[in-house]
Amino acid sequence: AYPFHYTRLFIYYWYWKKSINDYRMKQPLKFLPYFRNTLWGGKEISRFKQISVNCRNIGESWELSAVPGYESIVAEGIDMGLTLNDLTAKYGETLVGHRIYGRYGTRFPLTIRLIDASQDLPLDTLRDQTPDADAPEGYGNACMWYILNASEGAMIYTDTEGNLESHPGDALYMPARYVKAIGAGNFLVEIQQAGDAEHIDPNDIRVEYEEVTGSRVFSNPEQALMSIVCLKGAGKLKISNILTTVQQGETILIPAAADSFEVEGYLSLLKVAI
């Protein structure tokens, strides 16, 4: 058996390491986007993100993803270079929250991407993962589309609601099992249940449009995993007196361990919570 003082030192070290991890996981996380060029892509993504990239026809920017082949990579800080899956395995419920971790383990259950359609998208690009036969009705790969920009006459096509003309600021919820397609001229944010997260209740995901003019504090009493997509403007995000810059085109992950955060500046945001 270990002598008493070694055991006590080990316990102190364990609590110290846990407190360090908890502190780290209260800080917002930025990721490197994964750009995918396609035949139907355009210039909206590089314009929106205010970047110059050596890639034509960017159809998708995977902003927050644990999908194999499109995994998000931490852009800065002590965990720089880790994938989102690595991060989830390392920090567990400190990152995703007790409820989400208890339900999904290390499977990160959320995907956020930008889609720029200069042409009609093929249906198979947006095909949902087929839910298990035993999954309750409505479960599977539900998603929400928030229209950032739409040319005159741009359409969204569905098999249940018919053809819908889209406009900037429209928010469209697409339940699982819908056949759907994005028509030419649409630039949007897609928020979707990740393809490998089974039996996710679509009611788990909440998406809200928020305006910040000066300063606003957002609370997180349920310790939900949260993310913000900056649609317009620039400012700073503050947690525990640590400031992180945020600007148009960025997607930031806010760990569940952060019970509140403050946004300063003049910004339009999509706030996603699960």
# chains A, B, ... in the order shown; residues from 1 in each chain; ligands from 1

call {"tool": "select_by_dssp", "arguments": {"residues": "segment 223-262 of chain A", "states": "strand (DSSP E or B)", "output": "JSON, numbers by chain"}}
result
{"A": [226, 227, 228, 229, 230, 231, 232, 233, 234, 235, 236, 237, 238, 239, 242, 243, 244, 245, 246, 247, 251, 252, 253, 254, 260, 261, 262]}

call {"tool": "closest_residue", "arguments": {"among": "A:Leu87, A:Ile191, A:Met155, A:Ile73", "to": "Ile115 of chain A", "atoms": "only C-alpha atoms"}}
result
A:Ile191

call {"tool": "atom_distance", "arguments": {"atom1": "atom CA of Ala234 of chain A", "atom2": "atom CA of Ala117 of chain A"}}
result
25.8 Å

call {"tool": "residues_around", "arguments": {"residues": "Leu29 of chain A", "least_positions_apart": "5", "cutoff": "12 Å", "atoms": "only C-alpha atoms", "output": "number ranges by chain"}}
result
A: 24, 63-64, 72-84, 87, 95, 225-228, 237, 239, 243-246, 250-256, 258

call {"tool": "closest_residue", "arguments": {"among": "A:Pro109, A:Gly59, A:Gly41, A:Gly92", "to": "Gln192 of chain A", "atoms": "only C-alpha atoms"}}
result
A:Pro109

call {"tool": "residues_around", "arguments": {"residues": "Pro68 of chain A", "least_positions_apart": "2", "cutoff": "12 Å", "atoms": "only C-alpha atoms", "output": "PyMOL selection string"}}
result
chain A and resi 34+62+65-66+70-73+83-85+107-108+111+194-196

call {"tool": "write_last_selection", "arguments": {"atoms": "all heavy atoms", "output": "compact mmCIF listing (two decimals), in the first residue's frame"}}
result
# COMPACT_ATOMS: atom_id res chain seq x y z
N TYR A 34 -13.27 22.97 -42.60
CA TYR A 34 -12.90 22.08 -43.69
C TYR A 34 -13.67 22.52 -44.94
O TYR A 34 -14.89 22.42 -45.00
CB TYR A 34 -13.24 20.63 -43.34
CG TYR A 34 -12.87 19.63 -44.43
CD1 TYR A 34 -11.65 18.97 -44.39
CD2 TYR A 34 -13.73 19.38 -45.49
CE1 TYR A 34 -11.30 18.07 -45.40
CE2 TYR A 34 -13.39 18.49 -46.50
CZ TYR A 34 -12.17 17.84 -46.44
OH TYR A 34 -11.84 16.95 -47.44
N TRP A 62 -17.29 22.87 -43.49
CA TRP A 62 -17.67 22.11 -42.31
C TRP A 62 -17.10 22.83 -41.10
O TRP A 62 -15.90 22.83 -40.84
CB TRP A 62 -17.14 20.68 -42.42
CG TRP A 62 -17.79 19.90 -43.52
CD1 TRP A 62 -17.64 20.09 -44.86
CD2 TRP A 62 -18.72 18.83 -43.38
NE1 TRP A 62 -18.41 19.19 -45.57
CE2 TRP A 62 -19.08 18.40 -44.68
CE3 TRP A 62 -19.28 18.18 -42.27
CZ2 TRP A 62 -19.98 17.36 -44.90
CZ3 TRP A 62 -20.16 17.13 -42.50
CH2 TRP A 62 -20.50 16.73 -43.79
N SER A 65 -17.71 19.58 -36.76
CA SER A 65 -18.03 18.25 -37.27
C SER A 65 -17.13 17.19 -36.67
O SER A 65 -15.92 17.38 -36.52
CB SER A 65 -17.88 18.23 -38.80
OG SER A 65 -17.91 16.92 -39.30
N ALA A 66 -17.74 16.05 -36.34
CA ALA A 66 -17.00 14.86 -35.95
C ALA A 66 -17.18 13.76 -37.00
O ALA A 66 -16.85 12.61 -36.75
CB ALA A 66 -17.47 14.37 -34.58
N TYR A 70 -14.29 14.72 -42.36
CA TYR A 70 -14.62 16.14 -42.29
C TYR A 70 -14.48 16.66 -40.86
O TYR A 70 -15.14 17.61 -40.47
CB TYR A 70 -16.05 16.39 -42.77
CG TYR A 70 -16.34 15.86 -44.15
CD1 TYR A 70 -16.91 14.59 -44.33
CD2 TYR A 70 -16.04 16.60 -45.29
CE1 TYR A 70 -17.17 14.09 -45.59
CE2 TYR A 70 -16.30 16.10 -46.57
CZ TYR A 70 -16.86 14.85 -46.71
OH TYR A 70 -17.12 14.35 -47.97
N GLU A 71 -13.60 16.04 -40.09
CA GLU A 71 -13.51 16.36 -38.67
C GLU A 71 -12.93 17.74 -38.42
O GLU A 71 -11.96 18.15 -39.07
CB GLU A 71 -12.64 15.31 -37.96
CG GLU A 71 -13.30 13.96 -37.83
CD GLU A 71 -12.43 12.98 -37.06
OE1 GLU A 71 -11.59 12.33 -37.68
OE2 GLU A 71 -12.59 12.90 -35.83
N SER A 72 -13.52 18.45 -37.46
CA SER A 72 -13.00 19.75 -37.05
C SER A 72 -11.73 19.57 -36.23
O SER A 72 -11.61 18.64 -35.45
CB SER A 72 -14.05 20.48 -36.20
OG SER A 72 -15.23 20.71 -36.95
N ILE A 73 -10.79 20.49 -36.42
CA ILE A 73 -9.51 20.47 -35.72
C ILE A 73 -9.36 21.76 -34.93
O ILE A 73 -9.60 22.85 -35.46
CB ILE A 73 -8.34 20.32 -36.71
CG1 ILE A 73 -8.46 18.97 -37.46
CG2 ILE A 73 -7.00 20.42 -36.00
CD1 ILE A 73 -7.44 18.80 -38.56
N THR A 83 -8.59 16.71 -32.93
CA THR A 83 -9.88 16.69 -33.61
C THR A 83 -11.00 16.83 -32.58
O THR A 83 -10.78 16.67 -31.38
CB THR A 83 -10.08 15.39 -34.39
OG1 THR A 83 -10.19 14.30 -33.46
CG2 THR A 83 -8.93 15.13 -35.35
N LEU A 84 -12.19 17.09 -33.07
CA LEU A 84 -13.33 17.18 -32.17
C LEU A 84 -13.58 15.86 -31.45
O LEU A 84 -13.95 15.84 -30.27
CB LEU A 84 -14.57 17.61 -32.95
CG LEU A 84 -15.84 17.92 -32.16
CD1 LEU A 84 -15.58 18.94 -31.06
CD2 LEU A 84 -16.94 18.44 -33.09
N ASN A 85 -13.35 14.75 -32.14
CA ASN A 85 -13.48 13.44 -31.49
C ASN A 85 -12.44 13.26 -30.40
O ASN A 85 -12.72 12.72 -29.33
CB ASN A 85 -13.37 12.32 -32.53
CG ASN A 85 -14.63 12.17 -33.36
OD1 ASN A 85 -15.73 12.38 -32.88
ND2 ASN A 85 -14.45 11.83 -34.64
N ARG A 107 -19.53 10.12 -28.70
CA ARG A 107 -20.03 10.49 -30.03
C ARG A 107 -20.53 11.93 -29.98
O ARG A 107 -21.49 12.24 -29.28
CB ARG A 107 -21.18 9.57 -30.45
CG ARG A 107 -20.77 8.12 -30.65
CD ARG A 107 -21.99 7.27 -30.95
NE ARG A 107 -22.96 7.32 -29.86
CZ ARG A 107 -24.23 6.95 -29.97
NH1 ARG A 107 -24.69 6.52 -31.11
NH2 ARG A 107 -25.03 7.02 -28.93
N PHE A 108 -19.90 12.80 -30.71
CA PHE A 108 -20.32 14.20 -30.73
C PHE A 108 -21.56 14.32 -31.62
O PHE A 108 -21.51 13.98 -32.81
CB PHE A 108 -19.20 15.08 -31.26
CG PHE A 108 -19.42 16.54 -31.00
CD1 PHE A 108 -19.06 17.10 -29.79
CD2 PHE A 108 -20.00 17.35 -31.96
CE1 PHE A 108 -19.26 18.45 -29.54
CE2 PHE A 108 -20.21 18.69 -31.73
CZ PHE A 108 -19.84 19.25 -30.50
N THR A 111 -23.54 18.64 -36.03
CA THR A 111 -22.75 19.07 -37.17
C THR A 111 -23.27 20.42 -37.66
O THR A 111 -24.48 20.59 -37.81
CB THR A 111 -22.82 18.05 -38.33
OG1 THR A 111 -22.35 16.78 -37.87
CG2 THR A 111 -21.98 18.50 -39.51
N ALA A 194 -25.54 14.78 -36.00
CA ALA A 194 -24.46 14.05 -36.65
C ALA A 194 -24.92 12.67 -37.09
O ALA A 194 -25.74 12.04 -36.43
CB ALA A 194 -23.26 13.95 -35.71
N GLY A 195 -24.36 12.19 -38.21
CA GLY A 195 -24.85 10.96 -38.83
C GLY A 195 -24.67 9.71 -38.00
O GLY A 195 -25.34 8.73 -38.23
N ASP A 196 -23.73 9.69 -37.03
CA ASP A 196 -23.51 8.46 -36.27
C ASP A 196 -24.14 8.51 -34.89
O ASP A 196 -23.90 7.66 -34.06
CB ASP A 196 -22.02 8.16 -36.15
CG ASP A 196 -21.27 9.23 -35.37
OD1 ASP A 196 -21.87 10.30 -35.15
OD2 ASP A 196 -20.12 8.99 -34.99

call {"tool": "closest_atom_pairs", "arguments": {"of": "segment 227-254 of chain A", "to": "segment 146-154 of chain A", "cutoff": "12 Å", "atoms": "only C-alpha atoms", "output": "tab-separated table"}}
result
residue	atom	partner	partner_atom	distance
A:Val229	CA	A:Tyr146	CA	10.9
A:Cys230	CA	A:Leu148	CA	11.2
A:Leu231	CA	A:Leu148	CA	7.9
A:Lys232	CA	A:Leu148	CA	10.2
A:Gln248	CA	A:Leu148	CA	11.8
A:Gly249	CA	A:Leu148	CA	10.9
